[in-house]
Amino acid sequence: MNIHEYQAKEILKGFGVRVQEGILAETPEQAVQAAQKLKQDFNSDWVVVKAQIHAGGRGKGGGVKLAKNHDEVQQRATDIIGMQLVTPQTGSEGKKVHKVLVAQDVYYPGESEIKEFYVSVLLDRAKGRNIIMYSTEGGMDIEEVAEKTPHLIFKEEVDPKAGLQGFQARKIAFNLGLAGPAHKEMVKFISALYKAYDTIDASLFEINPVLKTSDDKILAVDAKVNFDENALYRHADYAALRDVLEEDPTEVEAGASNLNYVKLDGNVGCMVNGAGLAMATMDIIKIAGGEPANFLDVGGTANAETVKAGFNIILKDPNVKAILINIFGGIVRCDRVAQGVIDAYNEIGDIPVPIIVRLQGTNAAEAKKLIDDSGLKVYSAILLKEAAELVTKVLKG
């Protein structure tokens with residue numbers, strides 16, 4: 001689960017991580033009021049107006065703007081709120097901005113040089129350990145840094161039994177070229193950041209940039225926090241931070257029906273029970289000359305209701321030219337699934353695309369007979385090869 005920058009910063013502050021302060025605004029008038037409050041707190045008219053969407057690269061798309069007075073705040077907020085913000089991570093359709101964060105100016109002049117760093121905490125699944133990845137090249141796309149200057153990316157593994165050690169935090173600060181008060185500040189920052197990551201069961205922390213200010217403070221200018229959804233049952237307060245407006249509405253609907261659905265860009269919808277079988281089904285579709293339009297796992301107890309919900313979700317995609325249902329009858333009998341397909345088809349009415357149903361397992365032959373005798377526009381198969389041949393046939397018309 002992703003959350004917004006302003007939510008992530010509030011969580012980090014709760015663990016002692018210094019952040020760029022800001023106030024959320026949903027209208028230009030609220031943005032001006034926020035700027036006035038920040039003026040009182042930090043004695044500066046300058047603020048940054050930042051679009052709040054679940055995507056990186058907001059600045060490149062015009063979603064992050066500096067404002068030097070309250071009139072500019074009003075204009076920047078008016079321009080950003082309601083815009084369809086396109087970034088490298090949103091795709092060409094972009095995302096609508098519903099609110100902005102009005103944030104303090106932290107790039108003020110002072111005695112020492114301002115520097116930007118990159119810091120993230122994530123799980124290295126191959127090693128079964130959390131790692132802290134960091135670089136002196138903050139403010140840039142980390143993928144670009146990895147491609148052009150990989151020697152500037154450092155990694156620190158954390159032993160899960162021992163946790164982050166003091167010497168490791170000091171090593172990170174040293175590798176970032178810090179000394180004196182800034183070095184001590186970075187050690188505190190890294191220690192608090194890792195504690196936050198570990199405590200809230202996050203799957204990713206990405207702070208880009210981490211800023212060394214002109215008076216040697218270390219703070220998070222941006223904050224991306226992803227939660228491990230499998231652990232959200234332990235964090236009801238964090239689960240409540242979910243913003244469904246930022247998610248694909250079809251995926252939200254699927255979640256409400258307890259379906260695991262991910263939209264893809266292809267032309268063949270697929271409905272499968274089991275994640276592994278779903279991956280194999282997508283391979284079949286590609287071999288047959290199509291492209292999978294989605295990943296949809298209906299679970300091990302598929303019935304008429306789940307099949308109907310799956311149909312409705314798949315049919316919302318105008319790119320779908322055929323639907324492949326691939327069910328292995330282990331927990332559930334194939335004939336019951338077949339009857340569920342027939343009942344769902346009759347209840348929905350005329351389905352405008354051809355449907356291929358491949359059922360294998362307990363009572364597969366009985367299931368095929370049910371489908372064949374139903375009189376519906378449904379192709380049945382038992383073998384994967386047969387299903388692939390049928391996909392090829394219906395795509396060619």
# chains A, B, ... in the order shown; residues from 1 in each chain; ligands from 1
>>> residues_around(residues="Thr362 (chain A)", least_positions_apart="4", cutoff="7 Å", atoms="only C-alpha atoms", output="compact mmCIF listing (two decimals) with all heavy atoms, in the first residue's frame")
# COMPACT_ATOMS: atom_id res chain seq x y z
N GLY A 329 -9.29 -27.82 -10.57
CA GLY A 329 -10.24 -28.27 -9.54
C GLY A 329 -9.58 -29.16 -8.53
O GLY A 329 -9.57 -30.39 -8.68
N GLY A 330 -9.01 -28.57 -7.52
CA GLY A 330 -8.44 -29.35 -6.43
C GLY A 330 -9.32 -29.20 -5.21
O GLY A 330 -10.02 -30.12 -4.78
N ARG A 333 -14.61 -28.61 -6.99
CA ARG A 333 -14.85 -29.51 -8.12
C ARG A 333 -15.08 -28.72 -9.40
O ARG A 333 -15.73 -27.67 -9.40
CB ARG A 333 -16.09 -30.37 -7.84
CG ARG A 333 -15.82 -31.49 -6.87
CD ARG A 333 -17.06 -32.30 -6.52
NE ARG A 333 -18.22 -32.08 -7.36
CZ ARG A 333 -19.47 -32.29 -6.92
NH1 ARG A 333 -19.69 -32.68 -5.68
NH2 ARG A 333 -20.50 -32.09 -7.74
N CYS A 334 -14.56 -29.24 -10.52
CA CYS A 334 -14.67 -28.54 -11.80
C CYS A 334 -16.12 -28.36 -12.25
O CYS A 334 -16.46 -27.34 -12.84
CB CYS A 334 -13.89 -29.31 -12.88
SG CYS A 334 -12.10 -29.23 -12.69
>>> residues_around(residues="Leu383 (chain A)", least_positions_apart="4", cutoff="8 Å", atoms="only C-alpha atoms", output="mmCIF file with C-alpha atoms, in the first residue's frame")
data_model
loop_
_atom_site.group_PDB
_atom_site.id
_atom_site.type_symbol
_atom_site.label_atom_id
_atom_site.label_comp_id
_atom_site.auth_asym_id
_atom_site.auth_seq_id
_atom_site.Cartn_x
_atom_site.Cartn_y
_atom_site.Cartn_z
ATOM 1 C CA ARG A 358 -10.319 -24.764 -19.436
ATOM 2 C CA GLN A 360 -8.748 -29.601 -15.121
ATOM 3 C CA ALA A 387 -7.001 -23.779 -24.557
#
>>> atom_distance(atom1="CA of Thr90 (chain A)", atom2="CA of Ala55 (chain A)")
6.3 Å
>>> atom_distance(atom1="CA of Ala25 (chain A)", atom2="CA of Arg76 (chain A)")
12.0 Å
>>> closest_residue(among="A:Lys263, A:Lys65, A:Arg234, A:Lys224", to="Ile3 (chain A)", atoms="only C-alpha atoms")
A:Lys224
>>> closest_residue(among="A:Val332, A:Ala103, A:Leu211, A:Ile11", to="Lys37 (chain A)", atoms="only C-alpha atoms")
A:Ala103
>>> closest_residue(among="A:Asn363, A:Asn230, A:Ser44, A:Asn312", to="Asp105 (chain A)", atoms="only C-alpha atoms")
A:Ser44
>>> closest_residue(among="A:Ala240, A:Leu85, A:Leu122, A:Ala275", to="Ile207 (chain A)", atoms="only C-alpha atoms")
A:Leu122
>>> select_by_dssp(residues="region 2-65 of chain A", states="strand (DSSP E or B)", output="JSON, numbers by chain")
{"A": [2, 19, 22, 23, 24, 25, 47, 48, 49, 50, 51, 64, 65]}
>>> select_by_dssp(residues="region 130-375 of chain A", states="alpha helix (DSSP H)", output="ChimeraX atom specification")
/A:142-148,166-175,180-199,236-239,249-256,275-287,304-314,334-348,364-372
>>> atom_distance(atom1="CA of Lys171 (chain A)", atom2="CA of His183 (chain A)")
9.8 Å
>>> closest_residue(among="A:Ala196, A:Leu66, A:Ala51, A:Ala254", to="Val298 (chain A)", atoms="only C-alpha atoms")
A:Ala254
>>> residues_around(residues="Leu264 (chain A)", least_positions_apart="3", cutoff="9 Å", atoms="only C-alpha atoms", output="ChimeraX atom specification")
/A:267,291-295
>>> residues_around(residues="region 256-260 of chain A", least_positions_apart="3", cutoff="12 Å", atoms="only C-alpha atoms", output="PyMOL selection string")
chain A and resi 244+249-253+263+270-275+278+294-302+305-314
>>> closest_residue(among="A:Gly91, A:Gly375, A:Gly269, A:Gly62", to="Thr281 (chain A)", atoms="only C-alpha atoms")
A:Gly269
>>> residues_around(residues="Gly94 (chain A)", least_positions_apart="6", cutoff="12 Å", atoms="only C-alpha atoms", output="ChimeraX atom specification")
/A:53-58,61-63,82-88,246,248
>>> write_last_selection(atoms="N, CA, C and O atoms", output="PDB file, in the first residue's frame")
ATOM      1  N   ILE A  53       0.303  13.101  -5.223  1.00  0.00           N
ATOM      2  CA  ILE A  53      -0.172  11.921  -5.935  1.00  0.00           C
ATOM      3  C   ILE A  53       0.790  10.777  -5.639  1.00  0.00           C
ATOM      4  O   ILE A  53       1.918  11.000  -5.173  1.00  0.00           O
ATOM      5  N   HIS A  54       0.354   9.548  -5.902  1.00  0.00           N
ATOM      6  CA  HIS A  54       1.195   8.381  -5.686  1.00  0.00           C
ATOM      7  C   HIS A  54       2.079   8.139  -6.907  1.00  0.00           C
ATOM      8  O   HIS A  54       1.871   7.198  -7.672  1.00  0.00           O
ATOM      9  N   ALA A  55       3.043   8.993  -7.115  1.00  0.00           N
ATOM     10  CA  ALA A  55       3.969   8.818  -8.237  1.00  0.00           C
ATOM     11  C   ALA A  55       5.175   9.712  -8.023  1.00  0.00           C
ATOM     12  O   ALA A  55       5.063  10.800  -7.442  1.00  0.00           O
ATOM     13  N   GLY A  56       6.324   9.256  -8.491  1.00  0.00           N
ATOM     14  CA  GLY A  56       7.526  10.065  -8.441  1.00  0.00           C
ATOM     15  C   GLY A  56       7.652  10.922  -9.691  1.00  0.00           C
ATOM     16  O   GLY A  56       6.846  10.840 -10.614  1.00  0.00           O
ATOM     17  N   GLY A  57       8.684  11.773  -9.712  1.00  0.00           N
ATOM     18  CA  GLY A  57       8.917  12.622 -10.867  1.00  0.00           C
ATOM     19  C   GLY A  57       7.925  13.752 -11.006  1.00  0.00           C
ATOM     20  O   GLY A  57       7.694  14.262 -12.109  1.00  0.00           O
ATOM     21  N   ARG A  58       7.313  14.174  -9.876  1.00  0.00           N
ATOM     22  CA  ARG A  58       6.282  15.203  -9.935  1.00  0.00           C
ATOM     23  C   ARG A  58       6.824  16.532 -10.451  1.00  0.00           C
ATOM     24  O   ARG A  58       6.140  17.259 -11.165  1.00  0.00           O
ATOM     25  N   GLY A  61       6.877  16.961 -14.194  1.00  0.00           N
ATOM     26  CA  GLY A  61       5.580  17.155 -14.821  1.00  0.00           C
ATOM     27  C   GLY A  61       4.921  18.473 -14.461  1.00  0.00           C
ATOM     28  O   GLY A  61       3.776  18.718 -14.851  1.00  0.00           O
ATOM     29  N   GLY A  62       5.620  19.302 -13.700  1.00  0.00           N
ATOM     30  CA  GLY A  62       5.049  20.592 -13.309  1.00  0.00           C
ATOM     31  C   GLY A  62       4.241  20.537 -12.029  1.00  0.00           C
ATOM     32  O   GLY A  62       3.459  21.454 -11.742  1.00  0.00           O
ATOM     33  N   GLY A  63       4.450  19.496 -11.232  1.00  0.00           N
ATOM     34  CA  GLY A  63       3.688  19.342  -9.998  1.00  0.00           C
ATOM     35  C   GLY A  63       4.375  19.845  -8.756  1.00  0.00           C
ATOM     36  O   GLY A  63       3.828  19.734  -7.651  1.00  0.00           O
ATOM     37  N   GLY A  82      -6.286  20.034  -9.361  1.00  0.00           N
ATOM     38  CA  GLY A  82      -7.203  19.723 -10.455  1.00  0.00           C
ATOM     39  C   GLY A  82      -6.525  19.361 -11.757  1.00  0.00           C
ATOM     40  O   GLY A  82      -7.183  18.885 -12.695  1.00  0.00           O
ATOM     41  N   MET A  83      -5.188  19.565 -11.843  1.00  0.00           N
ATOM     42  CA  MET A  83      -4.496  19.241 -13.080  1.00  0.00           C
ATOM     43  C   MET A  83      -4.350  17.728 -13.237  1.00  0.00           C
ATOM     44  O   MET A  83      -4.382  16.982 -12.247  1.00  0.00           O
ATOM     45  N   GLN A  84      -4.214  17.273 -14.472  1.00  0.00           N
ATOM     46  CA  GLN A  84      -3.922  15.876 -14.762  1.00  0.00           C
ATOM     47  C   GLN A  84      -2.405  15.775 -14.888  1.00  0.00           C
ATOM     48  O   GLN A  84      -1.830  16.071 -15.935  1.00  0.00           O
ATOM     49  N   LEU A  85      -1.754  15.378 -13.806  1.00  0.00           N
ATOM     50  CA  LEU A  85      -0.290  15.414 -13.738  1.00  0.00           C
ATOM     51  C   LEU A  85       0.308  14.164 -14.380  1.00  0.00           C
ATOM     52  O   LEU A  85       0.018  13.042 -13.964  1.00  0.00           O
ATOM     53  N   VAL A  86       1.133  14.369 -15.387  1.00  0.00           N
ATOM     54  CA  VAL A  86       1.803  13.271 -16.090  1.00  0.00           C
ATOM     55  C   VAL A  86       3.269  13.253 -15.680  1.00  0.00           C
ATOM     56  O   VAL A  86       3.978  14.251 -15.825  1.00  0.00           O
ATOM     57  N   THR A  87       3.722  12.127 -15.158  1.00  0.00           N
ATOM     58  CA  THR A  87       5.122  11.952 -14.786  1.00  0.00           C
ATOM     59  C   THR A  87       5.621  10.649 -15.411  1.00  0.00           C
ATOM     60  O   THR A  87       4.831   9.859 -15.934  1.00  0.00           O
ATOM     61  N   PRO A  88       6.939  10.387 -15.348  1.00  0.00           N
ATOM     62  CA  PRO A  88       7.450   9.127 -15.890  1.00  0.00           C
ATOM     63  C   PRO A  88       6.838   7.884 -15.237  1.00  0.00           C
ATOM     64  O   PRO A  88       6.903   6.793 -15.797  1.00  0.00           O
ATOM     65  N   GLU A 246      -6.301   7.298  -5.571  1.00  0.00           N
ATOM     66  CA  GLU A 246      -5.010   7.151  -6.229  1.00  0.00           C
ATOM     67  C   GLU A 246      -4.836   5.779  -6.877  1.00  0.00           C
ATOM     68  O   GLU A 246      -3.823   5.521  -7.513  1.00  0.00           O
ATOM     69  N   ASP A 248      -6.265   2.314  -9.166  1.00  0.00           N
ATOM     70  CA  ASP A 248      -7.105   1.959 -10.295  1.00  0.00           C
ATOM     71  C   ASP A 248      -8.479   1.539  -9.763  1.00  0.00           C
ATOM     72  O   ASP A 248      -8.576   0.619  -8.938  1.00  0.00           O
TER      73      ASP A 248
END
>>> residues_around(residues="Leu390 (chain A)", least_positions_apart="3", cutoff="9 Å", atoms="only C-alpha atoms", output="PyMOL selection string")
chain A and resi 288+356+379-381+385-387+393-395
